$ cat model.csv   # CSV, C-alpha atoms
chain,number,residue,atom,x,y,z
H,1,MET,CA,8.1,-12.3,-17.8
H,2,LYS,CA,9.3,-10.2,-14.9
H,3,ILE,CA,7.6,-6.8,-14.2
H,4,LEU,CA,9.2,-4.4,-11.6
H,5,PHE,CA,7.6,-1.4,-10.0
H,6,PHE,CA,9.5,1.4,-8.1
H,7,GLY,CA,9.0,4.4,-5.9
H,8,SER,CA,5.5,5.7,-5.3
H,9,LEU,CA,4.1,3.3,-7.9
H,10,ARG,CA,5.4,0.3,-6.0
H,11,GLU,CA,3.7,1.6,-2.8
H,12,GLN,CA,0.4,2.3,-4.5
H,13,LEU,CA,0.3,-1.1,-6.1
H,14,GLY,CA,1.5,-2.8,-2.9
H,15,THR,CA,4.1,-4.9,-4.9
H,16,GLY,CA,7.5,-4.4,-6.3
H,17,GLU,CA,7.6,-7.4,-8.6
H,18,LEU,CA,5.2,-9.6,-10.7
H,19,GLN,CA,6.2,-12.8,-12.5
H,20,LEU,CA,3.7,-13.8,-15.2
H,21,PRO,CA,3.6,-15.2,-18.7
H,22,LEU,CA,3.4,-12.6,-21.4
H,23,PRO,CA,-0.4,-12.2,-21.7
H,24,ASP,CA,-2.0,-13.2,-25.0
H,25,GLY,CA,-2.2,-10.4,-27.5
H,26,VAL,CA,0.5,-8.3,-25.7
H,27,ASN,CA,3.4,-7.3,-28.0
H,28,ASN,CA,4.6,-4.0,-26.5
H,29,ILE,CA,4.7,-1.9,-23.3
H,30,GLY,CA,1.5,0.0,-24.1
H,31,GLU,CA,-0.5,-3.2,-24.5
H,32,LEU,CA,1.0,-4.6,-21.3
H,33,LEU,CA,-0.1,-1.4,-19.4
H,34,ALA,CA,-3.6,-1.7,-20.8
H,35,GLU,CA,-3.7,-5.4,-19.6
H,36,LEU,CA,-2.4,-4.5,-16.1
H,37,LYS,CA,-4.9,-1.7,-15.7
H,38,GLN,CA,-7.7,-4.2,-15.9
H,39,ARG,CA,-6.7,-5.7,-12.5
H,40,ASN,CA,-8.7,-3.3,-10.4
H,41,ALA,CA,-9.5,0.4,-9.8
H,42,GLN,CA,-6.2,1.0,-8.0
H,43,TRP,CA,-4.1,-0.4,-10.9
H,44,GLN,CA,-6.2,1.5,-13.4
H,45,GLN,CA,-5.6,4.8,-11.6
H,46,SER,CA,-1.9,4.3,-10.7
H,47,LEU,CA,-0.9,3.0,-14.2
H,48,GLY,CA,-3.0,5.7,-15.9
H,49,THR,CA,-1.2,8.8,-14.8
H,50,GLY,CA,0.4,9.4,-18.2
H,51,THR,CA,3.7,10.3,-16.5
H,52,LEU,CA,5.1,6.8,-15.9
H,53,LEU,CA,8.5,5.9,-17.4
H,54,CYS,CA,9.4,2.4,-18.5
H,55,ALA,CA,12.5,0.3,-19.1
H,56,VAL,CA,13.0,-3.0,-21.0
H,57,ASN,CA,15.9,-5.1,-19.8
H,58,GLN,CA,17.2,-2.1,-17.8
H,59,VAL,CA,17.2,0.4,-20.7
H,60,MET,CA,14.7,3.2,-20.9
H,61,ALA,CA,12.0,2.5,-23.5
H,62,SER,CA,8.9,4.0,-25.0
H,63,GLU,CA,5.4,2.5,-24.7
H,64,ALA,CA,5.8,1.3,-28.3
H,65,ALA,CA,8.8,-0.9,-27.4
H,66,ALA,CA,8.3,-4.5,-28.3
H,67,ILE,CA,8.5,-7.0,-25.5
H,68,ASN,CA,8.6,-10.8,-25.2
H,69,ASP,CA,8.3,-13.4,-22.4
H,70,SER,CA,12.0,-13.4,-21.5
H,71,ASP,CA,12.1,-9.6,-20.8
H,72,GLU,CA,12.4,-7.7,-17.6
H,73,VAL,CA,10.1,-4.7,-17.8
H,74,ALA,CA,10.1,-1.9,-15.2
H,75,LEU,CA,7.5,0.8,-14.7
H,76,PHE,CA,8.2,3.8,-12.5
H,77,PRO,CA,7.5,7.5,-11.9
H,78,PRO,CA,9.8,10.2,-13.1
H,79,VAL,CA,13.2,9.9,-11.4
H,80,THR,CA,14.3,12.1,-8.6
H,81,GLY,CA,18.0,11.3,-7.8
H,82,GLY,CA,20.9,13.6,-7.4
N,1,MET,CA,38.8,6.0,-17.0
N,2,ILE,CA,35.2,5.8,-15.7
N,3,SER,CA,34.4,4.8,-12.1
N,4,ILE,CA,30.8,4.4,-11.0
N,5,SER,CA,29.7,3.5,-7.4
N,6,VAL,CA,26.2,3.2,-6.0
N,7,GLN,CA,26.5,2.7,-2.3
N,8,ALA,CA,24.9,3.1,1.1
N,9,GLU,CA,28.1,4.3,2.8
N,10,ASP,CA,29.3,7.9,2.9
N,11,PHE,CA,32.2,8.9,0.6
N,12,ASP,CA,35.4,10.9,1.2
N,13,ILE,CA,35.9,13.8,-1.2
N,14,SER,CA,39.6,14.0,-0.5
N,15,GLN,CA,40.0,10.4,-1.5
N,16,GLU,CA,38.0,11.0,-4.7
N,17,TYR,CA,40.1,14.0,-5.5
N,18,ARG,CA,43.3,12.0,-5.1
N,19,GLN,CA,42.0,9.4,-7.5
N,20,LEU,CA,41.4,12.2,-10.0
N,21,GLN,CA,44.7,13.9,-9.5
N,22,THR,CA,46.8,10.7,-10.2
N,23,ASP,CA,50.3,11.1,-11.7
N,24,ASN,CA,49.0,11.8,-15.2
N,25,THR,CA,50.6,15.1,-16.0
N,26,GLN,CA,48.1,15.7,-18.8
N,27,VAL,CA,45.5,16.6,-16.2
N,28,GLY,CA,45.3,20.4,-16.2
N,29,GLY,CA,42.1,20.7,-14.1
N,30,ILE,CA,39.6,18.8,-11.9
N,31,ALA,CA,36.0,19.9,-11.5
N,32,MET,CA,33.9,18.3,-8.7
N,33,PHE,CA,30.3,18.6,-7.5
N,34,THR,CA,28.9,17.3,-4.3
N,35,GLY,CA,25.1,17.2,-3.6
N,36,LEU,CA,23.8,17.3,-0.1
N,37,VAL,CA,20.4,16.3,1.4
N,38,ARG,CA,18.7,19.6,2.1
N,39,ASP,CA,15.7,20.4,4.2
N,40,LEU,CA,13.6,23.3,2.8
N,41,THR,CA,10.3,21.9,3.8
N,42,ASP,CA,7.9,23.6,6.2
N,43,ASN,CA,7.4,20.1,7.8
N,44,PRO,CA,11.0,19.3,9.0
N,45,LEU,CA,12.7,16.2,7.7
N,46,THR,CA,14.1,13.4,9.8
N,47,ALA,CA,15.5,11.7,6.8
N,48,MET,CA,15.4,11.0,3.1
N,49,HIS,CA,15.1,7.5,1.7
N,50,LEU,CA,16.7,6.8,-1.6
N,51,GLU,CA,15.3,3.9,-3.6
N,52,HIS,CA,16.9,2.7,-6.9
N,53,TYR,CA,16.8,0.1,-9.6
N,54,PRO,CA,19.8,-2.2,-9.0
N,55,GLY,CA,21.6,-2.9,-12.2
N,56,MET,CA,19.9,-0.3,-14.3
N,57,THR,CA,21.2,2.5,-12.0
N,58,GLU,CA,24.9,1.6,-12.6
N,59,ALA,CA,24.3,1.1,-16.3
N,60,SER,CA,22.5,4.5,-16.6
N,61,LEU,CA,25.4,6.3,-14.8
N,62,GLN,CA,27.9,4.5,-16.9
N,63,GLN,CA,26.1,5.6,-20.1
N,64,THR,CA,25.9,9.2,-18.9
N,65,ALA,CA,29.7,9.2,-18.2
N,66,GLU,CA,30.4,7.7,-21.6
N,67,GLN,CA,28.3,10.4,-23.3
N,68,ALA,CA,30.3,13.0,-21.4
N,69,ALA,CA,33.5,11.4,-22.6
N,70,GLU,CA,32.3,11.5,-26.2
N,71,ARG,CA,31.5,15.2,-25.9
N,72,TRP,CA,34.6,16.5,-24.1
N,73,PRO,CA,38.2,15.4,-23.9
N,74,LEU,CA,38.2,14.0,-20.4
N,75,ILE,CA,40.8,11.9,-18.6
N,76,ASP,CA,38.9,10.5,-15.6
N,77,ILE,CA,35.2,10.5,-14.6
N,78,ARG,CA,34.1,9.5,-11.1
N,79,ILE,CA,30.4,9.2,-10.0
N,80,VAL,CA,29.3,8.2,-6.5
N,81,HIS,CA,25.6,8.1,-5.6
N,82,ARG,CA,24.3,7.0,-2.2
N,83,ILE,CA,21.2,5.0,-1.5
N,84,GLY,CA,19.1,4.1,1.6
N,85,LYS,CA,18.4,6.4,4.5
N,86,LEU,CA,20.2,9.8,4.6
N,87,THR,CA,19.7,12.6,7.0
N,88,PRO,CA,19.7,16.4,6.2
N,89,GLY,CA,23.2,17.7,5.6
N,90,GLU,CA,24.6,14.3,4.5
N,91,GLN,CA,26.4,13.9,1.2
N,92,ILE,CA,24.2,12.2,-1.4
N,93,VAL,CA,26.0,12.5,-4.8
N,94,PHE,CA,29.5,13.2,-6.1
N,95,VAL,CA,30.7,13.9,-9.7
N,96,GLY,CA,34.3,14.5,-10.4
N,97,VAL,CA,36.0,14.9,-13.8
N,98,SER,CA,39.6,15.6,-14.9
N,99,SER,CA,40.7,17.1,-18.2
N,100,THR,CA,43.5,18.9,-19.8
N,101,HIS,CA,41.4,22.1,-19.9
N,102,ARG,CA,39.0,23.6,-17.4
N,103,GLU,CA,36.2,24.3,-19.8
N,104,ALA,CA,35.8,20.6,-20.5
N,105,ALA,CA,35.9,19.8,-16.8
N,106,PHE,CA,33.3,22.4,-15.8
N,107,SER,CA,30.9,21.5,-18.7
N,108,ALA,CA,31.2,17.7,-18.3
N,109,CYS,CA,30.6,17.9,-14.5
N,110,GLU,CA,27.4,20.0,-15.1
N,111,PHE,CA,26.3,17.8,-17.9
N,112,ILE,CA,26.6,14.6,-15.9
N,113,MET,CA,24.6,16.1,-13.0
N,114,ASP,CA,21.9,17.4,-15.3
N,115,ILE,CA,21.5,14.0,-17.1
N,116,LEU,CA,21.8,12.0,-13.9
N,117,LYS,CA,18.9,14.0,-12.3
N,118,THR,CA,16.5,13.1,-15.2
N,119,SER,CA,17.6,9.7,-16.3
N,120,ALA,CA,19.2,7.6,-13.4
N,121,PRO,CA,16.6,5.5,-11.8
N,122,PHE,CA,16.6,6.9,-8.2
N,123,TRP,CA,13.5,8.0,-6.2
N,124,LYS,CA,13.6,10.1,-3.1
N,125,LYS,CA,11.1,9.8,-0.3
N,126,GLU,CA,11.0,12.5,2.4
N,127,LEU,CA,10.3,11.2,5.9
N,128,HIS,CA,9.0,14.0,8.2
N,129,GLN,CA,9.3,14.5,12.0
N,130,ASP,CA,5.5,14.2,12.4
N,131,GLY,CA,5.7,10.7,10.9
N,132,ALA,CA,4.4,11.7,7.4
N,133,GLY,CA,6.3,10.4,4.3
N,134,ASN,CA,6.0,11.7,0.8
N,135,TRP,CA,7.7,10.9,-2.5
N,136,VAL,CA,9.5,13.8,-4.1
N,137,ASP,CA,8.0,15.0,-7.4
N,138,ALA,CA,10.3,15.4,-10.4
N,139,LYS,CA,10.8,19.1,-11.3
N,140,ALA,CA,10.2,20.6,-14.7
N,141,SER,CA,13.2,22.8,-14.2
N,142,ASP,CA,15.5,19.7,-14.0
N,143,GLN,CA,14.0,18.4,-17.3
N,144,GLN,CA,14.6,21.7,-18.9
N,145,ARG,CA,18.2,21.8,-17.7
N,146,ALA,CA,18.8,18.3,-19.1
N,147,GLU,CA,17.2,19.2,-22.4
N,148,ARG,CA,19.3,22.2,-23.0
N,149,TRP,CA,22.2,19.9,-23.7
N,150,ASN,CA,20.4,18.5,-26.7
N,151,ASP,CA,21.1,21.6,-28.8
N,152,LYS,CA,24.4,22.7,-27.2
N,153,ASN,CA,27.9,21.8,-28.1
$ encode --input "model.csv" --output "structure tokens"
Amino acid sequence: MKILFFGSLREQLGTGELQLPLPDGVNNIGELLAELKQRNAQWQQSLGTGTLLCAVNQVMASEAAAINDSDEVALFPPVTGG
Amino acid sequence: MISISVQAEDFDISQEYRQLQTDNTQVGGIAMFTGLVRDLTDNPLTAMHLEHYPGMTEASLQQTAEQAAERWPLIDIRIVHRIGKLTPGEQIVFVGVSSTHREAAFSACEFIMDILKTSAPFWKKELHQDGAGNWVDAKASDQQRAERWNDKN
């Protein structure tokens, strides 16, 4: 699957994109977040702010949204356009 | 008709206006909003950098325009949003709508801006004269402005 990061989150994690197989036991965004947080203290902190938004295949989604290996998932801070 | 553009280049309001004016004699009014890069910070800005999510940005703006077209009797909707490096005073966003009646045009223009501010995937980073850079925080007041459309006709 493809995971994208934007804005301040992209800078904090030092990457804008991850390509990886859907981890075992991960069925939704919330579970994916929990998995990614285990990478290290920085990921734990940056992904644990409680304010992040997510999108699945370029449509806003909740943490309960189901995901599979062919999805593009994006995680980002609240938007500030306009 | 809906027109969406996400672009680095500046836009020309008179050209946008002419596109909205057309020769459709049902158009009774055109409402337009232009947003500019402002500098209200104590630490002066050299520029603002606009990041976005290519693909989702266009889809999100399209969806917002379609929602406006469902709520009000609109004829044309045009949205332009710039990305990349912008300096204070530059144009950053344009929303223009035409309708038979002014009320629909005014309301739809405001609705599109309010929803865009809280749902289109753009992120602003301020670049300061002293070399510092900081990401702009989302404002609760913008969220409140967007949410008031939930229970309003």
$ residues_around --input "model.csv" --residues "Gln143 of chain N" --least-positions-apart "4" --cutoff "12 Å" --atoms "all atoms listed in the file" --output "PDB file with C-alpha atoms, keeping the file's coordinate frame"
ATOM      1  CA  PRO H  78       9.800  10.200 -13.100  1.00  0.00           C
ATOM      2  CA  VAL H  79      13.200   9.900 -11.400  1.00  0.00           C
ATOM      3  CA  THR H  80      14.300  12.100  -8.600  1.00  0.00           C
TER       4      THR H  80
ATOM      5  CA  MET N 113      24.600  16.100 -13.000  1.00  0.00           C
ATOM      6  CA  ASP N 114      21.900  17.400 -15.300  1.00  0.00           C
ATOM      7  CA  ILE N 115      21.500  14.000 -17.100  1.00  0.00           C
ATOM      8  CA  LEU N 116      21.800  12.000 -13.900  1.00  0.00           C
ATOM      9  CA  LYS N 117      18.900  14.000 -12.300  1.00  0.00           C
ATOM     10  CA  THR N 118      16.500  13.100 -15.200  1.00  0.00           C
ATOM     11  CA  SER N 119      17.600   9.700 -16.300  1.00  0.00           C
ATOM     12  CA  ALA N 138      10.300  15.400 -10.400  1.00  0.00           C
ATOM     13  CA  LYS N 139      10.800  19.100 -11.300  1.00  0.00           C
ATOM     14  CA  GLU N 147      17.200  19.200 -22.400  1.00  0.00           C
ATOM     15  CA  ARG N 148      19.300  22.200 -23.000  1.00  0.00           C
ATOM     16  CA  TRP N 149      22.200  19.900 -23.700  1.00  0.00           C
ATOM     17  CA  ASN N 150      20.400  18.500 -26.700  1.00  0.00           C
TER      18      ASN N 150
END
$ closest_residue --input "model.csv" --among "H:Glu63, H:Gly50, H:Asn57, H:Val73" --to "Leu18 of chain H" --atoms "all atoms listed in the file"
H:Val73
$ atom_distance --input "model.csv" --atom1 "atom CA of Leu36 of chain N" --atom2 "atom CA of Gly89 of chain N"
5.7 Å
$ interface_residues --input "model.csv" --of "chain H" --to "chain N" --cutoff "9 Å" --atoms "all atoms listed in the file" --output "PDB file with C-alpha atoms, keeping the file's coordinate frame"
ATOM      1  CA  PHE H   6       9.500   1.400  -8.100  1.00  0.00           C
ATOM      2  CA  GLY H   7       9.000   4.400  -5.900  1.00  0.00           C
ATOM      3  CA  SER H   8       5.500   5.700  -5.300  1.00  0.00           C
ATOM      4  CA  ALA H  55      12.500   0.300 -19.100  1.00  0.00           C
ATOM      5  CA  ASN H  57      15.900  -5.100 -19.800  1.00  0.00           C
ATOM      6  CA  GLN H  58      17.200  -2.100 -17.800  1.00  0.00           C
ATOM      7  CA  VAL H  59      17.200   0.400 -20.700  1.00  0.00           C
ATOM      8  CA  MET H  60      14.700   3.200 -20.900  1.00  0.00           C
ATOM      9  CA  ALA H  74      10.100  -1.900 -15.200  1.00  0.00           C
ATOM     10  CA  PHE H  76       8.200   3.800 -12.500  1.00  0.00           C
ATOM     11  CA  PRO H  77       7.500   7.500 -11.900  1.00  0.00           C
ATOM     12  CA  PRO H  78       9.800  10.200 -13.100  1.00  0.00           C
ATOM     13  CA  VAL H  79      13.200   9.900 -11.400  1.00  0.00           C
ATOM     14  CA  THR H  80      14.300  12.100  -8.600  1.00  0.00           C
ATOM     15  CA  GLY H  81      18.000  11.300  -7.800  1.00  0.00           C
ATOM     16  CA  GLY H  82      20.900  13.600  -7.400  1.00  0.00           C
TER      17      GLY H  82
END
$ residues_around --input "model.csv" --residues "segment 9-24 of chain N" --least-positions-apart "5" --cutoff "7 Å" --atoms "all atoms listed in the file" --output "PyMOL selection string"
chain N and resi 76+82+91+98
$ closest_residue --input "model.csv" --among "N:Gly28, N:Pro73, N:Gly84, N:Pro44" --to "Val6 of chain N" --atoms "only C-alpha atoms"
N:Gly84
$ atom_distance --input "model.csv" --atom1 "atom CA of Leu75 of chain H" --atom2 "atom CA of Leu20 of chain H"
15.1 Å
$ atom_distance --input "model.csv" --atom1 "atom CA of Ala68 of chain N" --atom2 "atom CA of Gln144 of chain N"
18.1 Å
$ axis_aligned_box --input "model.csv" --around "segment 5-16 of chain H" --padding-each-side "5 Å" --output "lines of an AutoDock Vina configuration file"
center_x = 4.9
center_y = 0.4
center_z = -6.4
size_x = 19.2
size_y = 20.6
size_z = 17.2
$ residues_near_point --input "model.csv" --point "(8.5, -7.8, -26.3)" --cutoff "12 Å" --atoms "all atoms listed in the file" --output "number ranges by chain"
H: 1-2, 21-32, 55-57, 61-73
